[in-house]
Every structure is written in C-alpha cells, then in structure tokens.
Amino acid sequence: MTGDRVFLAAGVLLVVSVAAALAASRLRLPVLLLFLAIGVAAGAGGGDWISLHDYALAHEIGIPALALILFNGGLNTGFTAVKSVLTSSLRLALGATVVVAIVVGVATSLLLGLPLIQGLLVGSILASTDSAAVFGLLRGSTLRRRLLRTIEGEAAFNDAVVLVLVVGFVAWAGHPGSNGVGMVAFAARELAIGTASGVLVGVLAAAALARVRLPMTGLYPVASFAAATLAYGAASTFGGSGLLAVYLTGLVLADAPIPGRRTIAVFHEGLAWAAQVALFLVLGLLATPSRIEGSLAAGAALALIVVLVARPLATFAMTSKREFTTPERALLSWSELVGATPIVFASIAAGGGVPWSVPVYDLVFVVAVVSTLLQGLTFEPLARAFGLTSVAPLLPQPLVEFGGPSRLGAELIEYAVAITDGVVGRRVRDLDLPLGVTVALIVRGEDAVSPTGSAQIKAGDMLHLLAREEVAPRIPELIARLRDPTPEPTIAQRADGDGWLRELLAEPWTDDDGDPTDPTEVRGLAVVRRLRTRRDRAGALVALADGRYGLTGSTLAIGPAGVLRRYASRRLAVAAAGPEAAWWREVSTALLR
C-alpha cells in the first residue's frame with residue numbers, strides 16, 4: 001500500500017471499530033472481540049483488503065499498545081487504591097501466573113506431543129491476563145471495591161511477568177544449552193529495573209508537574225505522555241520491564257496533586273482506546289481462518305484447561321480464606337481473561353523463529369476467542385449470583401480539573417458527585433469550603449441549579465467550584481473531604497465560634513447510658529418527661545430535671561430549648577429525605593411550644 005492508502009485503510013477500520021463499540025455496548029458483547037473480528041474480515045481470512053504476515057511488526061505494535069493501556073490503567077487507579085490489595089495482586093501476578101504456565105505447559109506437551117520447553121512456552125503465553133480486556137470488563141462494573149482493585153492489579157502486573165517468561169522460554173527454545181538459572185536471573189533483573197524506573201520517573205514527573213505551571217492546558221497531556229515514554233524507555237534501555245515501569249509511573253501520577261488532571265485523564269483514555277483498537281485489528285489481520293481451522297479442537301481443549309483447571313487451581317493456591325471467601329476466590333479466577341494479549345506474546349515466538357511457532361499463534365488465537373466469549377459474557381452475572389456486587393460502579397473514579405492557565409487569578413474545578421460520596425444529600429451551606437472556594441454552579445442532568453445555601457446536592461450532580469489561585473494547593477484535600485462521609489455529630493463538634501455551641505453538650509450515646517428510647521436519667525439528670533419518641537430508630541426528646549432538654553439516640557445532645565432547636569435545624573439541613581428529616585422537624589416543632 002502507498003502512504004495515502006494506508007491512511008485511508010486506517011481511517012475506515014477505525015470508523016468501523018467505533019461503530020462496533022456502539023453495537024457491542026447495546027448487545028452486551030465483548031467489544032474487543034469485535035475489533036478482532038473486523039481485523040480478520042479485512043485481512044487474508046476475509047476480503048483480503050489488507051495483507052499482513054509480519055509477526056515482528058505485530059510485536060512492534062503490540063508491546064507499545066500494551067504500554068499505553070497499562071499507563072492509562074495506572075492513572076485510573078493510584079497507589080492509594082492499590083496498596084490495600086498489593087500483596088494479593090502480586091501473589092496472583094507472580095505465583096499464580098507461574099502455576100498456570102506450568103499446568104498449561106505440561107498439558108500442552110502431553111496433548112500435542114511437543115517437547116516440554118515448547119509446551120512451557122505455550123503455557124507461559126496462555127498464562128497472560130489481558131489487561132485491555134480486564135480493564136474494559138471492569139469499566140462501569142458494580143463489583144466490590146476490594147475485589148475490583150485486586151483483579152485490576154493482577155491484570156496489570158501479570159503482563160510484565162508473562163513477557164519475562166515468554167522471552168526467557170523463546171531464548172531457551174532457540175538455545176537448547178540454556179538453563180533455568182539464567183532465566184531466573186533474567187526475570188529478577190527485568191522486574192527490579194522495571195520497578196525502580198517506574199517509581200523514579202513517576203516521582204520526578206509528579207514533583208515537576210506539581211511545581212511548574214505550564215502556559216497552556218494542552219501541554220499537560222504531553223508532559224504526562226513524556227513521563228510514560230521516559231519510564232518505558234529507561235527501563236527497556238537498562239534491561240528492565242518497560243511494561244511494569246509504565247504502569248508504576250501511572251500509579252504514582254494518579255495520586256499526585258498535579259494540575260490538569262481531567263485533561264490528562266481524557267487524553268490517555270483516548271490513547272488507550274486507540275491502542276486497544278490498533279492492537280486487536282493487527283492481530284486479527286494476522287489470522288487466517290483456513291489455517292486456524294486445524295487448531296480449533298486443540299485450542300478449545302486448552303481453553304477449557306486454562307479456564308476451568310489451571311486458573312482456579314492457581315488462584316486458590318495463591319489466596320487464603322482469611323483474605324477472600326470461596327465465592328470471591330472463584331470469581332477472581334473467572335475474571336482473568338486470556339484475551340488478545342497472549343497473541344502479542346505468541347508473535348514474539350513467531351517472530352523469533354521458534355520451531356512450531358506459527359501453529360502456536362493459531363492455537364493461542366482460538367484460546368483467546370473462547371476465553372473472551374466464555375468469561376467475558378458471564379463475569380457480571382456470576383458476580384451478581386455470588387452476591388459480590390455493590391450499589392454503584394466503582395470505575396472510573398471522577399477526576400477534577402485544575403491547574404490550567406488562570407488569567408483571572410482563579411481555578412475552575414469540575415467535581416462529579418458519585419452516589420458513594422459523603423457530600424450526597426448535604427446543603428451547599430454545610431460544605432465547609434475553605435476561604436477562597438465557592439460553588440459557582442450545579443449542573444444536574446441538562447439543568448443548571450442555582451447554588452444557594454439551601455440547595456441540596458444529589459448523586460450525579462456536577463459541581464463547578466471556583467477557587468482562588470492561592471487556594472489551589474488545598475484542592476486535593478477539599479476533594480477528599482467531599483468524597484468522604486461526614487461522621488456524626490459534626491455540628492456540635494465544629495469549633496466555629498458560635499456562642500450557642502458553648503451551651504450544647506454533644507457526645508456519643510453508649511450502652512452504659514441505657515435505652516435511648518425510654519431513658520430514666522441522662523448523665524446523672526433525671527428525666528422529667530418524654531416529649532417525643534423517634535420512630536425510624538431508637539431515640540427520644542426528653543425534658544430534664546434542671547430545665548434543659550435532651551436528645552437521645554446514637555448521639556446524646558443536651559442544652560436549653562433554643563440551643564437544641566438550632567442543633568435540630570442544622571441536622572435537618574444535612575438529613576436525608578424521609579424519616580430522618582421528619583424527626584428533626586418534629587423536634588424543632590416540639591421545642592417551640
């Protein structure tokens with residue numbers, strides 16, 4: 001093809017892929033599998049519109065594409081989210097991957113009559129968890145946070161481990177005199193240098209982006225992309241794993257208080273999608289259905305061994321009942337999609353001239369398709385059947401935008417309110433924003449809501465916050481406060497200088513205080529009479545012997561009638577609609593009499 005026709009072909013394939021993504025979302029099909037099918041249809045196996053037989057080219061496209069996908073995965077996660085499941089993810093990525101490689105390798109050798117080294121090479125390729133397929137599966141998933149983060153971490157770290165195994169076995173198969181000792185040393189060097197490069201570049205890039213204000217917002221994605229390429233290039237140059245390095249750099253940047261985060265996130269989300277489309281299209285172009293037909297039976301058998309035997313065995317071996325329940329461990333093994341990443345690794349063997357490598361490519365292609373169909377279509381229903389889903393999707397977490405050029409001395413921040421955020425149900429006047437930060441607008445669906453003090457924030461709202469430039473360093477702290485639920489009681493404990501608070505006693509109700517529904521005394525004061533009894537939970541409004549009043553329940557509040565009335569009105573302002581709001585209105589009315 002000439003250069004112009006290459007652009008034309010690429011444009012047509014991308015347009016068709018976007019249409020396929022739309023169709024897949026409506027039909028609930030694995031979208032990446034449709035990309036693969038488009039590649040097959042356009043290549044020698046279909047209309048023969050594009051001819052591609054260069055496995056080395058597939059490798060040269062596939063590895064950078066995986067790097068872009070992993071970097072975006074790291075940006076959408078962060079060390080803060082991963083650290084609680086880091087040990088489990090690493091055990092699965094390291095130990096479970098090796099177990100799967102051995103089990104599938106031995107099965108391949110016995111099933112197909114291959115030498116053990118070639119069987120272990122196939123096993124290593126099939127031990128891969130496709131990060132693109134897994135991230136796509138988890139995007140918008142309702143899976144519980146801890147399980148979701150574990151699956152995501154395993155998929156990201158797994159690619160680096162499998163690449164080390166595949167390259168090691170390719171070298172071993174090509175040089176029969178090699179041994180396992182050299183392969184272990186190779187693996188240790190790759191992982192150590194990849195880790196050091198990724199963390200170092202990530203820390204330096206985060207520090208630089210936090211301190212330097214770029215003149216145009218569009219430069220921030222360029223800077224973050226530069227960090228990703230530096231991490232990958234540095235690790236690869238010094239003999240480390242570039243895939244591991246680029247993922248770790250993304251993790252570090254995700255937690256850093258850097259400007260332009262929303263712009264960076266959108267940019268790399270688009271790059272990751274472009275990489276996924278290109279990756280699957282190229283792999284589809286390399287496939288030849290007439291040749292793959294001979295591998296259908298063996299490929300289907302290996303797919304069932306991987307999905308039903310090797311992965312459950314490895315997952316249960318590398319996790320314990322103290323970490324995960326039996327349904328959680330079963331779902332962990334079911335989430336590890338083979339996908340198209342093994343096809344990239346198979347292209348390494350094919351490009352390296354390993355004996356029987358082209359049939360290996362065809363075999364892996366069949367396994368990838370079967371795994372993606374079988375696991376991709378049943379994962380979410382299985383999670384619901386096991387009772388392992390939560391209320392709202394946990395990925396992706398909304399990011400905020402700040403740090404662009406501020407000609408007016410202020411930053412505009414967009415904050416998407418998730419259903420799990422503590423800010424849901426609160427009034428604007430109770431957000432306790434820092435001095436210099438104001439709510440400029442609330443966007444609810446297609447409506448613009450005036451941010452009056454009494455306006456109540458709802459899940460799905462987009463808050464537009466205006467922050468003076470000198471307050472910008474406190475924005476991450478502000479966002480964390482908006483996300484986290486506010487513990488009871490905040491109003492009585494807030495030291496805001498209001499005189500009435502000095503007359504209010506507010507502290508937790510304990511079991512030693514007795515029954516909050518019908519107390520006989522409160523903190524040594526006799527209850528004269530019970531004025532109101534709360535209906536939705538244990539609690540009451542009572543008159544005390546010293547002339548003051550008391551509110552019992554999860555929190556005890558004691559004070560004069562006027563003080564308790566102001567306390568009740570504050571609680572009403574942040575109360576959820578329904579019985580809780582009705583209770584605080586009832587208390588306010590009773591104290592007026």
# chains A, B, ... in the order shown; residues from 1 in each chain; ligands from 1
call {"tool": "residues_around", "arguments": {"residues": "Ala188 (chain A)", "least_positions_apart": "6", "cutoff": "12 Å", "atoms": "only C-alpha atoms", "output": "list in words"}}
result
Leu94, Ala160, Val161, Val164, Leu165, Gly168, Val181, Gly182, Gly194, Thr195, Gly239, Gly240 and Ser241 of chain A
call {"tool": "write_last_selection", "arguments": {"atoms": "C-alpha atoms", "output": "JSON list (two decimals), in the first residue's frame"}}
result
[["chain", "number", "residue", "atom", "x", "y", "z"],
["A", 94, "LEU", "CA", 3.72, -13.78, 40.16],
["A", 160, "ALA", "CA", 5.31, -7.83, 32.82],
["A", 161, "VAL", "CA", 5.70, -11.30, 34.38],
["A", 164, "VAL", "CA", 9.67, -12.16, 31.06],
["A", 165, "LEU", "CA", 8.59, -15.83, 30.90],
["A", 168, "GLY", "CA", 13.04, -16.48, 28.57],
["A", 181, "VAL", "CA", 19.16, -20.40, 36.32],
["A", 182, "GLY", "CA", 19.78, -17.85, 33.60],
["A", 194, "GLY", "CA", 11.31, -2.00, 35.77],
["A", 195, "THR", "CA", 10.14, -1.24, 39.32],
["A", 239, "GLY", "CA", 17.40, -4.24, 30.71],
["A", 240, "GLY", "CA", 14.18, -3.90, 32.70],
["A", 241, "SER", "CA", 10.49, -4.40, 32.07]]
call {"tool": "closest_residue", "arguments": {"among": "A:Gly242, A:Gly113, A:Gly284, A:Gly524", "to": "Ile50 (chain A)", "atoms": "only C-alpha atoms"}}
result
A:Gly284
call {"tool": "closest_residue", "arguments": {"among": "A:Glu190, A:Leu121, A:Val170, A:Ala254", "to": "Thr77 (chain A)", "atoms": "only C-alpha atoms"}}
result
A:Ala254
call {"tool": "select_by_dssp", "arguments": {"residues": "region 256-463 of chain A", "states": "strand (DSSP E)", "output": "list in words"}}
result
Ala410, Glu411, Leu412, Ile413, Glu414, Tyr415, Ala416, Val437, Thr438, Val439, Ala440, Leu441, Ile442, Val443, Arg444, Asp447, Ala448, Val449, Met462 and Leu463 of chain A
call {"tool": "write_last_selection", "arguments": {"atoms": "N, CA, C and O atoms", "output": "PDB file, in the first residue's frame"}}
result
ATOM      1  N   ALA A 410      -7.867  32.678  39.315  1.00  0.00           N
ATOM      2  CA  ALA A 410      -8.714  31.661  39.945  1.00  0.00           C
ATOM      3  C   ALA A 410      -8.728  30.401  39.088  1.00  0.00           C
ATOM      4  O   ALA A 410      -8.409  30.434  37.900  1.00  0.00           O
ATOM      5  N   GLU A 411      -9.083  29.286  39.711  1.00  0.00           N
ATOM      6  CA  GLU A 411      -9.175  27.994  39.037  1.00  0.00           C
ATOM      7  C   GLU A 411     -10.642  27.559  39.003  1.00  0.00           C
ATOM      8  O   GLU A 411     -11.378  27.764  39.970  1.00  0.00           O
ATOM      9  N   LEU A 412     -11.056  26.950  37.904  1.00  0.00           N
ATOM     10  CA  LEU A 412     -12.392  26.370  37.812  1.00  0.00           C
ATOM     11  C   LEU A 412     -12.265  24.858  37.944  1.00  0.00           C
ATOM     12  O   LEU A 412     -11.546  24.219  37.181  1.00  0.00           O
ATOM     13  N   ILE A 413     -12.948  24.315  38.923  1.00  0.00           N
ATOM     14  CA  ILE A 413     -12.839  22.890  39.231  1.00  0.00           C
ATOM     15  C   ILE A 413     -14.183  22.227  38.945  1.00  0.00           C
ATOM     16  O   ILE A 413     -15.225  22.713  39.399  1.00  0.00           O
ATOM     17  N   GLU A 414     -14.161  21.136  38.213  1.00  0.00           N
ATOM     18  CA  GLU A 414     -15.366  20.347  37.986  1.00  0.00           C
ATOM     19  C   GLU A 414     -15.291  19.095  38.844  1.00  0.00           C
ATOM     20  O   GLU A 414     -14.315  18.346  38.777  1.00  0.00           O
ATOM     21  N   TYR A 415     -16.318  18.881  39.665  1.00  0.00           N
ATOM     22  CA  TYR A 415     -16.336  17.694  40.526  1.00  0.00           C
ATOM     23  C   TYR A 415     -17.636  16.934  40.292  1.00  0.00           C
ATOM     24  O   TYR A 415     -18.733  17.445  40.527  1.00  0.00           O
ATOM     25  N   ALA A 416     -17.504  15.694  39.795  1.00  0.00           N
ATOM     26  CA  ALA A 416     -18.667  14.843  39.543  1.00  0.00           C
ATOM     27  C   ALA A 416     -19.020  14.109  40.831  1.00  0.00           C
ATOM     28  O   ALA A 416     -18.202  13.388  41.397  1.00  0.00           O
ATOM     29  N   VAL A 437     -12.904  29.485  48.176  1.00  0.00           N
ATOM     30  CA  VAL A 437     -13.537  28.486  47.306  1.00  0.00           C
ATOM     31  C   VAL A 437     -15.043  28.655  47.406  1.00  0.00           C
ATOM     32  O   VAL A 437     -15.601  28.678  48.508  1.00  0.00           O
ATOM     33  N   THR A 438     -15.715  28.780  46.292  1.00  0.00           N
ATOM     34  CA  THR A 438     -17.167  28.913  46.268  1.00  0.00           C
ATOM     35  C   THR A 438     -17.761  27.991  45.213  1.00  0.00           C
ATOM     36  O   THR A 438     -17.100  27.629  44.240  1.00  0.00           O
ATOM     37  N   VAL A 439     -19.021  27.609  45.417  1.00  0.00           N
ATOM     38  CA  VAL A 439     -19.752  26.828  44.418  1.00  0.00           C
ATOM     39  C   VAL A 439     -20.335  27.804  43.410  1.00  0.00           C
ATOM     40  O   VAL A 439     -21.202  28.626  43.743  1.00  0.00           O
ATOM     41  N   ALA A 440     -19.850  27.753  42.177  1.00  0.00           N
ATOM     42  CA  ALA A 440     -20.302  28.686  41.146  1.00  0.00           C
ATOM     43  C   ALA A 440     -21.568  28.200  40.461  1.00  0.00           C
ATOM     44  O   ALA A 440     -22.426  28.998  40.073  1.00  0.00           O
ATOM     45  N   LEU A 441     -21.709  26.870  40.309  1.00  0.00           N
ATOM     46  CA  LEU A 441     -22.846  26.330  39.567  1.00  0.00           C
ATOM     47  C   LEU A 441     -22.992  24.847  39.883  1.00  0.00           C
ATOM     48  O   LEU A 441     -22.003  24.161  40.141  1.00  0.00           O
ATOM     49  N   ILE A 442     -24.226  24.380  39.865  1.00  0.00           N
ATOM     50  CA  ILE A 442     -24.513  22.950  39.978  1.00  0.00           C
ATOM     51  C   ILE A 442     -25.221  22.531  38.693  1.00  0.00           C
ATOM     52  O   ILE A 442     -26.276  23.080  38.361  1.00  0.00           O
ATOM     53  N   VAL A 443     -24.641  21.591  37.979  1.00  0.00           N
ATOM     54  CA  VAL A 443     -25.262  21.076  36.757  1.00  0.00           C
ATOM     55  C   VAL A 443     -25.894  19.729  37.084  1.00  0.00           C
ATOM     56  O   VAL A 443     -25.213  18.792  37.512  1.00  0.00           O
ATOM     57  N   ARG A 444     -27.218  19.645  36.895  1.00  0.00           N
ATOM     58  CA  ARG A 444     -27.960  18.412  37.205  1.00  0.00           C
ATOM     59  C   ARG A 444     -28.676  17.960  35.937  1.00  0.00           C
ATOM     60  O   ARG A 444     -29.677  18.542  35.530  1.00  0.00           O
ATOM     61  N   ASP A 447     -29.990  20.541  33.402  1.00  0.00           N
ATOM     62  CA  ASP A 447     -30.418  21.764  34.074  1.00  0.00           C
ATOM     63  C   ASP A 447     -29.267  22.390  34.852  1.00  0.00           C
ATOM     64  O   ASP A 447     -28.381  21.698  35.356  1.00  0.00           O
ATOM     65  N   ALA A 448     -29.292  23.709  34.962  1.00  0.00           N
ATOM     66  CA  ALA A 448     -28.352  24.446  35.794  1.00  0.00           C
ATOM     67  C   ALA A 448     -29.070  24.852  37.074  1.00  0.00           C
ATOM     68  O   ALA A 448     -30.093  25.547  37.028  1.00  0.00           O
ATOM     69  N   VAL A 449     -28.570  24.405  38.217  1.00  0.00           N
ATOM     70  CA  VAL A 449     -29.191  24.669  39.508  1.00  0.00           C
ATOM     71  C   VAL A 449     -28.425  25.785  40.206  1.00  0.00           C
ATOM     72  O   VAL A 449     -27.195  25.739  40.302  1.00  0.00           O
ATOM     73  N   MET A 462     -22.883  17.728  38.848  1.00  0.00           N
ATOM     74  CA  MET A 462     -21.549  18.217  38.528  1.00  0.00           C
ATOM     75  C   MET A 462     -21.382  19.568  39.217  1.00  0.00           C
ATOM     76  O   MET A 462     -22.075  20.525  38.885  1.00  0.00           O
ATOM     77  N   LEU A 463     -20.505  19.621  40.218  1.00  0.00           N
ATOM     78  CA  LEU A 463     -20.258  20.861  40.942  1.00  0.00           C
ATOM     79  C   LEU A 463     -19.161  21.647  40.232  1.00  0.00           C
ATOM     80  O   LEU A 463     -18.083  21.112  39.969  1.00  0.00           O
TER      81      LEU A 463
END
call {"tool": "residues_around", "arguments": {"residues": "region 311-321 of chain A", "least_positions_apart": "5", "cutoff": "7 Å", "atoms": "only C-alpha atoms", "output": "count of residues only"}}
result
11
call {"tool": "residues_around", "arguments": {"residues": "Glu586 (chain A)", "least_positions_apart": "6", "cutoff": "12 Å", "atoms": "only C-alpha atoms", "output": "ChimeraX atom specification"}}
result
/A:531-535,540-541,565,568-569,572,579-580,592-593
call {"tool": "write_last_selection", "arguments": {"atoms": "all heavy atoms", "output": "compact mmCIF listing (two decimals), in the first residue's frame"}}
result
# COMPACT_ATOMS: atom_id res chain seq x y z
N LEU A 531 -40.98 13.82 75.72
CA LEU A 531 -41.79 14.67 74.85
C LEU A 531 -42.11 14.01 73.52
O LEU A 531 -43.21 14.12 73.00
CB LEU A 531 -41.08 16.00 74.62
CG LEU A 531 -40.73 16.81 75.88
CD1 LEU A 531 -39.97 18.06 75.51
CD2 LEU A 531 -42.00 17.17 76.64
N ARG A 532 -41.11 13.36 72.91
CA ARG A 532 -41.29 12.72 71.61
C ARG A 532 -40.46 11.44 71.57
O ARG A 532 -39.39 11.35 72.19
CB ARG A 532 -40.84 13.63 70.45
CG ARG A 532 -41.66 14.90 70.26
CD ARG A 532 -43.05 14.57 69.70
NE ARG A 532 -43.78 15.78 69.37
CZ ARG A 532 -44.49 16.52 70.24
NH1 ARG A 532 -44.52 16.14 71.53
NH2 ARG A 532 -45.15 17.58 69.84
N THR A 533 -40.93 10.45 70.82
CA THR A 533 -40.19 9.20 70.63
C THR A 533 -39.92 9.03 69.14
O THR A 533 -40.83 9.15 68.31
CB THR A 533 -40.98 7.98 71.14
OG1 THR A 533 -41.25 8.16 72.53
CG2 THR A 533 -40.16 6.70 70.94
N ARG A 534 -38.69 8.76 68.80
CA ARG A 534 -38.31 8.61 67.39
C ARG A 534 -38.81 7.26 66.87
O ARG A 534 -38.68 6.23 67.55
CB ARG A 534 -36.79 8.71 67.24
CG ARG A 534 -36.33 8.79 65.80
CD ARG A 534 -34.90 9.25 65.69
NE ARG A 534 -34.48 9.35 64.29
CZ ARG A 534 -33.35 9.85 63.88
NH1 ARG A 534 -32.47 10.32 64.78
NH2 ARG A 534 -33.05 9.91 62.58
N ARG A 535 -39.34 7.24 65.64
CA ARG A 535 -39.96 6.03 65.10
C ARG A 535 -39.05 5.23 64.18
O ARG A 535 -39.18 4.01 64.11
CB ARG A 535 -41.25 6.41 64.35
CG ARG A 535 -42.37 6.87 65.27
CD ARG A 535 -43.61 7.26 64.48
NE ARG A 535 -43.41 8.50 63.73
CZ ARG A 535 -43.57 9.71 64.25
NH1 ARG A 535 -43.92 9.85 65.53
NH2 ARG A 535 -43.39 10.79 63.51
N ALA A 540 -35.13 9.66 71.48
CA ALA A 540 -36.24 10.39 72.08
C ALA A 540 -35.83 11.82 72.39
O ALA A 540 -34.65 12.15 72.45
CB ALA A 540 -36.72 9.69 73.36
N LEU A 541 -36.83 12.69 72.56
CA LEU A 541 -36.64 14.05 73.07
C LEU A 541 -37.24 14.08 74.47
O LEU A 541 -38.42 13.77 74.65
CB LEU A 541 -37.34 15.05 72.16
CG LEU A 541 -37.45 16.49 72.69
CD1 LEU A 541 -36.06 17.11 72.81
CD2 LEU A 541 -38.34 17.33 71.76
N ARG A 565 -32.96 23.58 69.53
CA ARG A 565 -33.72 23.86 68.32
C ARG A 565 -32.76 24.22 67.17
O ARG A 565 -32.94 23.78 66.03
CB ARG A 565 -34.70 25.00 68.58
CG ARG A 565 -35.76 25.13 67.49
CD ARG A 565 -36.95 25.98 67.94
NE ARG A 565 -36.55 27.33 68.29
CZ ARG A 565 -36.59 27.83 69.53
NH1 ARG A 565 -37.03 27.07 70.53
NH2 ARG A 565 -36.21 29.07 69.77
N ALA A 568 -31.13 21.05 66.04
CA ALA A 568 -32.02 20.24 65.20
C ALA A 568 -32.13 20.81 63.80
O ALA A 568 -32.20 20.06 62.81
CB ALA A 568 -33.40 20.16 65.86
N SER A 569 -32.16 22.15 63.68
CA SER A 569 -32.26 22.74 62.34
C SER A 569 -30.99 22.48 61.53
O SER A 569 -31.05 22.28 60.31
CB SER A 569 -32.52 24.25 62.46
OG SER A 569 -31.41 24.92 63.03
N LEU A 572 -31.26 18.95 60.38
CA LEU A 572 -32.25 18.86 59.31
C LEU A 572 -31.66 19.27 57.97
O LEU A 572 -31.98 18.70 56.92
CB LEU A 572 -33.45 19.73 59.65
CG LEU A 572 -34.56 19.83 58.57
CD1 LEU A 572 -35.15 18.46 58.29
CD2 LEU A 572 -35.64 20.82 59.02
N PRO A 579 -37.77 9.60 56.87
CA PRO A 579 -37.98 9.58 58.32
C PRO A 579 -36.99 10.44 59.11
O PRO A 579 -37.35 11.05 60.11
CB PRO A 579 -37.81 8.10 58.68
CG PRO A 579 -38.10 7.37 57.42
CD PRO A 579 -37.63 8.25 56.32
N GLU A 580 -35.72 10.50 58.65
CA GLU A 580 -34.73 11.27 59.39
C GLU A 580 -35.07 12.76 59.37
O GLU A 580 -35.05 13.43 60.42
CB GLU A 580 -33.34 11.05 58.80
CG GLU A 580 -32.24 11.76 59.58
CD GLU A 580 -30.85 11.53 58.99
OE1 GLU A 580 -30.76 10.91 57.92
OE2 GLU A 580 -29.89 12.00 59.61
N LEU A 592 -40.55 24.48 70.22
CA LEU A 592 -41.14 25.82 70.11
C LEU A 592 -42.26 26.02 71.11
O LEU A 592 -42.65 27.15 71.42
CB LEU A 592 -41.68 26.04 68.69
CG LEU A 592 -40.63 26.37 67.62
CD1 LEU A 592 -41.29 26.37 66.25
CD2 LEU A 592 -39.98 27.72 67.89
N ARG A 593 -42.83 24.93 71.58
CA ARG A 593 -44.01 25.02 72.45
C ARG A 593 -43.60 25.24 73.90
O ARG A 593 -42.54 24.86 74.32
CB ARG A 593 -44.85 23.74 72.31
CG ARG A 593 -45.38 23.57 70.89
CD ARG A 593 -46.05 22.22 70.71
NE ARG A 593 -46.55 22.06 69.34
CZ ARG A 593 -47.05 20.92 68.87
NH1 ARG A 593 -47.13 19.85 69.66
NH2 ARG A 593 -47.48 20.85 67.63
call {"tool": "closest_residue", "arguments": {"among": "A:Leu22, A:Leu163, A:Ala42, A:Val134", "to": "Trp334 (chain A)", "atoms": "only C-alpha atoms"}}
result
A:Val134
call {"tool": "select_by_dssp", "arguments": {"residues": "region 278-349 of chain A", "states": "helix (DSSP H, G or I)", "output": "ChimeraX atom specification"}}
result
/A:278-286,289-318,326-334,341-349
call {"tool": "closest_residue", "arguments": {"among": "A:Ala274, A:Ile264, A:Val203, A:Val360", "to": "Leu120 (chain A)", "atoms": "only C-alpha atoms"}}
result
A:Val360
call {"tool": "atom_distance", "arguments": {"atom1": "CA of Leu114 (chain A)", "atom2": "CA of Ala127 (chain A)"}}
result
17.8 Å
